[in-house]
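Novice: Okay, here's the structure, questions in a sec.
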Amino acid sequence: MLKPVTTDIEALKILDDRLRWLSAWTIHHANHIRPSEDGLKVGGHQASCASMTAIMAALYFHALGPNDRVAVKPHAGPVLHAIHYLLGSQSREALERFRAFGGAQSYPSRTKDKIPVDFSTGSVGLGVAITLFASLVQDYLTGHEWLDEKDRGRFVALIGDAELDEGNIYEALIEGFKHDVRNLWWIVDYNRQSLDATSADRMFERFDEIFKSCGWRVMELRYGKRLQNVLAEYPNLKSWFEALPNAELSALHYQGGAAWRTRIQAELGKAAASFLKEYDDAALASLFTDLGGHCMETLVEAFDAAQDDVPTLFIAWTIKGFGLPFAGHKDNHAGLMNPTQLSALRDAMGVSEGSEWEPLEGIGDNARTGVEALLDRTRIAREKRSRSFGKVSIPAFPSPAGEEQSTQAAFGRILLDLSKAGGDLADRIVTTSPDVTVSTNLGAWVNQRGLFRRSETPDVFAKAKIASAQKWRGDNKGQHIELGIAESNLFLMLAAAGLSGDLFEERLFPIGTLYDPFIARGLDALNYACYQDARFILVATPSGITLGPEGGAHQSINPPLIALGQPGLRHYEPAFADELAAMMEEAFRLIDDPNGESTYLRLSTRSIIQEERSDDSWRAGALQGAYWLRHPGQTAEAAIVAMGAVMPEAKAAWEELKDDVPGLGLLAVTSPDLLHRNWIAAQAARWRGDRKPSHVEQLLSALPPQAGLVTMADAAPASLSWLGGVLGQRVAPLGVEKFGQTGALADLYAAYRLDGSAITEAVAELLLPA
Ligand SMILES: Cc1ncc(C[n+]2csc(CCOP(=O)(O)OP(=O)(O)O)c2C)c(N)n1
Ligand SMILES: [Mg+2]
């Protein structure tokens with residue numbers, strides 16, 4: 001990490017003001033000046049921006065080096081845009097189109113904003129936690145000798161104080177402590193206001209304790225220099241000030257100097273007489289707003305003092321809406337200045353009417369040289385980082401041998417074979433799991449490749465020669481990152497590792513495993529990973545009621561529907577091991593393809609007889625979402641459409657019914673998600689003149705239009721029932737609609753209508769005249 005440059009405090013203060021002005025103006029322009037096309041409120045957060053312009057000026061124009069990466073509090077997005085505008089890396093047009101189609105995004109977006117955004121933010125808490133996992137990924141890359149010391153950086157999160165209520169922050173904190181995470185700065189904009197109101201006083205000093213107990217250094221920046229000096233002179237005033245509850249303090253900030261005077265007179269009386277004599281009302285108001293997070297000297301000093309790699313929490317006291325007419329008002333979260341208030345701010349900032357967008361408008365010649373020099377010296381990246389795709393060759397994946405296998409066992413075998421064969425891909429895979437490494441069949445891979453630990457950790461059981469199938473040693477070359485049971489952390493780890501190519505220009509191939517039902521536990525973090533276009537493979541196993549005796553709390557029902565609605569994530573659900581091998585190969589390829597995506601593999605512990613293949617004509621269809629396992633006759637009246645672990649029931653029913661239902665087909669679905677989206681894409685393409693039918697349309701047109709489909713999956717029936725809408729064929733959907741329970745497979749399949757007789761009944765239902 002580079003030493004901070006010596007900086008002109010005066011120039012930083014000017015930039016602080018400039019950021020407050022530009023962020024307020026950008027929001028004002030979007031709401032009051034740009035013509036509204038639809039009458040919808042545009043919105044924006046002038047108060048949340050004003051709260052941290054000094055913090056961000058000190059950070060970006062002084063403290064940050066070129067390798068540092070930042071997650072910005074979502075509603076301070078306009079400040080980040082203003083920073084890049086001053087640096088020349090954001091266009092005026094994008095600011096004029098703030099929150100408009102194609103313009104600067106409301107909350108910083110890695111993928112949609114034109115400026116370099118290290119981490120998207122929006123769902124509060126997640127942006128904070130991902131910086132911790134990104135720091136771990138940096139350590140991982142260094143351990144594996146893919147990242148030089150000189151290219152390492154610090155990971156910074158700019159946090160709202162109410163954001164600290166998000167539980168995922170503490171899940172990450174605990175995991176980070178276990179892994180001895182370093183190089184983090186989390187900076188709290190401690191304005192003591194949330195969206196609804198002022199924050200609870202009872203949490204005061206509790207956050208410090210929580211962080212300290214996890215090995216963090218906590219630096220509280222309560223006072224600016226001026227206020228600190230004055231309060232040192234008047235100890236009784238200081239005690240009074242420090243005892244003010246959050247709500248009272250905010251109200252006084254809003255009310256201003258006269259209110260401070262009345263209150264101090266009433267509560268301190270004579271003891272404060274000499275102090276009050278020194279200050280008129282305006283001076284009083286200004287003095288009490290001199291909190292640490294608004295004082296440039298304090299901020300610069302604090303950042304300069306934290307140059308080692310100890311994770312540091314800065315609690316910077318601020319006022320929400322600092323310098324704006326609604327400063328401190330509890331309702332100011334989405335407050336917008338009216339045109340009169342905006343004009344007053346413009347005049348106070350020395351900006352003349354008509355020159356609002358001029359970056360350094362109104363800054364006198366003397367000061368301007370210093371400001372320009374500081375902007376020139378600023379070390380942050382002005383361009384988006386290159387995304388590093390297509391550098392790793394993906395070998396062909398042979399299917400693991402065995403007449404009878406489960407997809408979960410096959411997954412372990414495929415990884416083990418890949419590990420033994422070695423090569424670039426195998427070396428760049430990083431696996432991770434929230435305490436279900438062994439039970440999701442990653443054990444053999446971990447035995448081969450070891451655990452990742454920043455420092456060497458022996459396998460105590462192995463050393464003591466205690467027999468175990470699992471070798472559990474770790475060092476900084478290990479390739480498995482073991483996590484505690486916190487699924488949100490799993491997805492944030494996958495997000496960070498899946499952005500490795502973007503953040504560090506070194507591609508990793510992350511694979512995370514968990515039990516299928518617990519996807520829901522980390523759903524927002526999964527969505528967050530996809531939103532940023534992180535690339536990874538999610539292996540969810542076991543799944544469905546096929547889990548049998550484990551019972552309803554572990555039997556998943558709706559993840560295929562989640563996947564159906566989740567952009568950036570491709571769902572594959574194989575029945576056979578050879579399908580899984582093809583899917584894994586495809587999933588690795590998609591990670592390293594600029595137009596690729598992440599993959600969700602829904603697997604099962606059920607061991608089933610494998611399909612004997614005469615050729616590999618099934619393969620292309622399996623990768624597109626479905627193929628005819630038993631091709632239908634031209635006049636077929638029905639087809640069975642099945643997915644995943646229930647394929648043996650579908651095959652058996654087909655054998656039994658094929659003579660009574662001539663030409664009966666059996667369609668193996670491997671991805672309802674792909675079938676669905678390609679069907680919709682083909683419809684959109686038709687309007688552009690491309691008349692090619694989608695994969696699912698081609699498959700289903702092998703059947704007559706009046707044919708019926710019996711769909712079945714160990715999942716919510718809606719995963720497949722929509723297939724009737726493709727060509728208008730009738731559907732009898734089978735699947736799981738109620739919570740599962742314990743039981744042997746035959747009992748469960750009978751009870752939940754996934755067995756042969758349910759299929760027969762469903763086919764009969766379709767064939768009977770209405
Ligand atoms: C997960 C999530 N829940 C709710 C919101 C809506 N929201 C946005 S900002 C905010 C309040 C944030 O207060 P604070 O973190 O103190 O930030 P400030 O604006 O005061 O700086 C809320 C509830 C959100 N963005 N994300
Ligand atoms: Mg706040």
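Residue numbering restarts at 1 for every chain of the structure tokens, chains are lettered A, B, ... in their displayed order, and ligands are numbered from 1 as they appear.
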Which residues come within 10 Å of segment 425-432 of chain A, counting only C-alpha atoms, excluding same-chain residues fewer than 4 positions away, as a ChimeraX atom specification?
Specialist: /A:137,140-141,144,392-395,415-421,436-437,442,445-446,449,451-452,477-483,490-491,493-494,497-498,506-514,536-538,588
Novice: Can you tell me which residues sit at most 7 Å away from ligand 1, counting only C-alpha atoms and all ligand atoms, written as a list of chain:residue names?
Specialist: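 Answer in the requested format: A:Ser48, A:Ser51, A:His75, A:Gly122, A:Ser123, A:Val124, A:Gly125, A:Ile159, A:Gly160, A:Asp161, A:Ala162, A:Glu163, A:Leu164, A:Asp189, A:Asn191, A:Arg192, A:Gln193, A:Ser194, A:Leu195, A:Lys320, A:His333.
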Novice: Using only C-alpha atoms and all ligand atoms, which residue out of A:Gln470, A:Gln532, A:Thr198, A:Gln683 lies closest to ligand 2?
Specialist: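 Using only C-alpha atoms and all ligand atoms, ligand 2 sits closest to A:Thr198.
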Novice: I'd like to know which of A:Asn246, A:His571, A:Thr635, A:Gly127 is closest to Ala197 of chain A, using only C-alpha atoms.
Specialist: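 Among A:Asn246, A:His571, A:Thr635, A:Gly127, it is A:Asn246 that comes nearest to Ala197 of chain A.
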Novice: Among segment 230-336 of chain A, which residues carry a DSSP assignment of strand (DSSP E or B), reported as a PyMOL selection string?
Specialist: chain A and resi 291+312-317
Novice: Pick out the residues sitting within 8 Å of segment 716-731 of chain A, and hand them over as a PyMOL selection string; count only C-alpha atoms, and ignore anything fewer than 6 positions along from it in its own chain.
Specialist: chain A and resi 557-558+560-561+564+672+679+696-697+700-701+705-710+737+766
Novice: Mind the document's chain letters and residue numbers, and return as a PyMOL selection string the residues of segment 246-492 of chain A that DSSP labels helix (DSSP H, G or I).
Specialist: chain A and resi 246-255+257-278+281-288+292-294+296-304+339-348+365-377+407-421+424-428+443-449+460-463+487-492
Novice: Which of these residues is nearest to ligand 2, using only C-alpha atoms and all ligand atoms: A:Ile33, A:Gly321, A:Ser23, A:Leu95?
Specialist: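 Under the stated criterion, the closest residue is A:Gly321.
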Novice: Near segment 600-604 of chain A, within 7 Å and counting only C-alpha atoms, which residues show up once chain neighbours fewer than 3 positions away are dropped, as number ranges by chain?
Specialist: A: 406-408, 537-543, 569-573, 645
Novice: Taking into account only C-alpha atoms, which residue in the set A:Gly354, A:Leu64, A:Leu580, A:Ala732 is nearest to Phe397 of chain A?
Specialist: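 Residue with the minimum atom-to-atom distance to Phe397 of chain A: A:Leu580.
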Novice: What lies within 8 Å of Asp16 of chain A using only C-alpha atoms, ignoring chain neighbours under 3 positions off, as a PyMOL selection string?
Specialist: chain A and resi 12-13+19-20+53-54+56-57
Novice: From the set A:Val230, A:Ile27, A:Ala563, A:Ile759, which residue has the shortest atom-to-atom contact distance to Met337 of chain A, counting only C-alpha atoms?
Specialist: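 So, comparing all the options, the nearest one is A:Ile27.
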Novice: Using only C-alpha atoms, which of the listed residues (A:Ser455, A:Ser598, A:Pro400, A:Gly665) sits closest to Phe576 of chain A?
Specialist: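 Checking each of A:Ser455, A:Ser598, A:Pro400, A:Gly665 against Phe576 of chain A, counting only C-alpha atoms, the winner is A:Pro400.
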Novice: Any idea what's packed within 12 Å of Phe101 of chain A, counting only C-alpha atoms, ignoring anything in its chain fewer than 3 positions away? Could you give it as a VMD selection string?
Specialist: chain A and resid 30 37 42 93 to 98 104 to 106 112 to 113
Novice: Within 10 Å of Gly256 of chain A, counting only C-alpha atoms, which residues qualify if same-chain residues fewer than 6 places away don't, as a list in words?
Specialist: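 Using only C-alpha atoms, the neighbours found are Asp281, Ala282, Ala283, Leu284, Ala285, Ser286, Phe288, Thr289, Ala327 and Gly328 of chain A.
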Novice: In Å, how far is it from atom CA of Gly544 of chain A to atom CA of Gly625 of chain A?
Specialist: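 Going from atom CA of Gly544 of chain A over to atom CA of Gly625 of chain A covers 19.4 Å.
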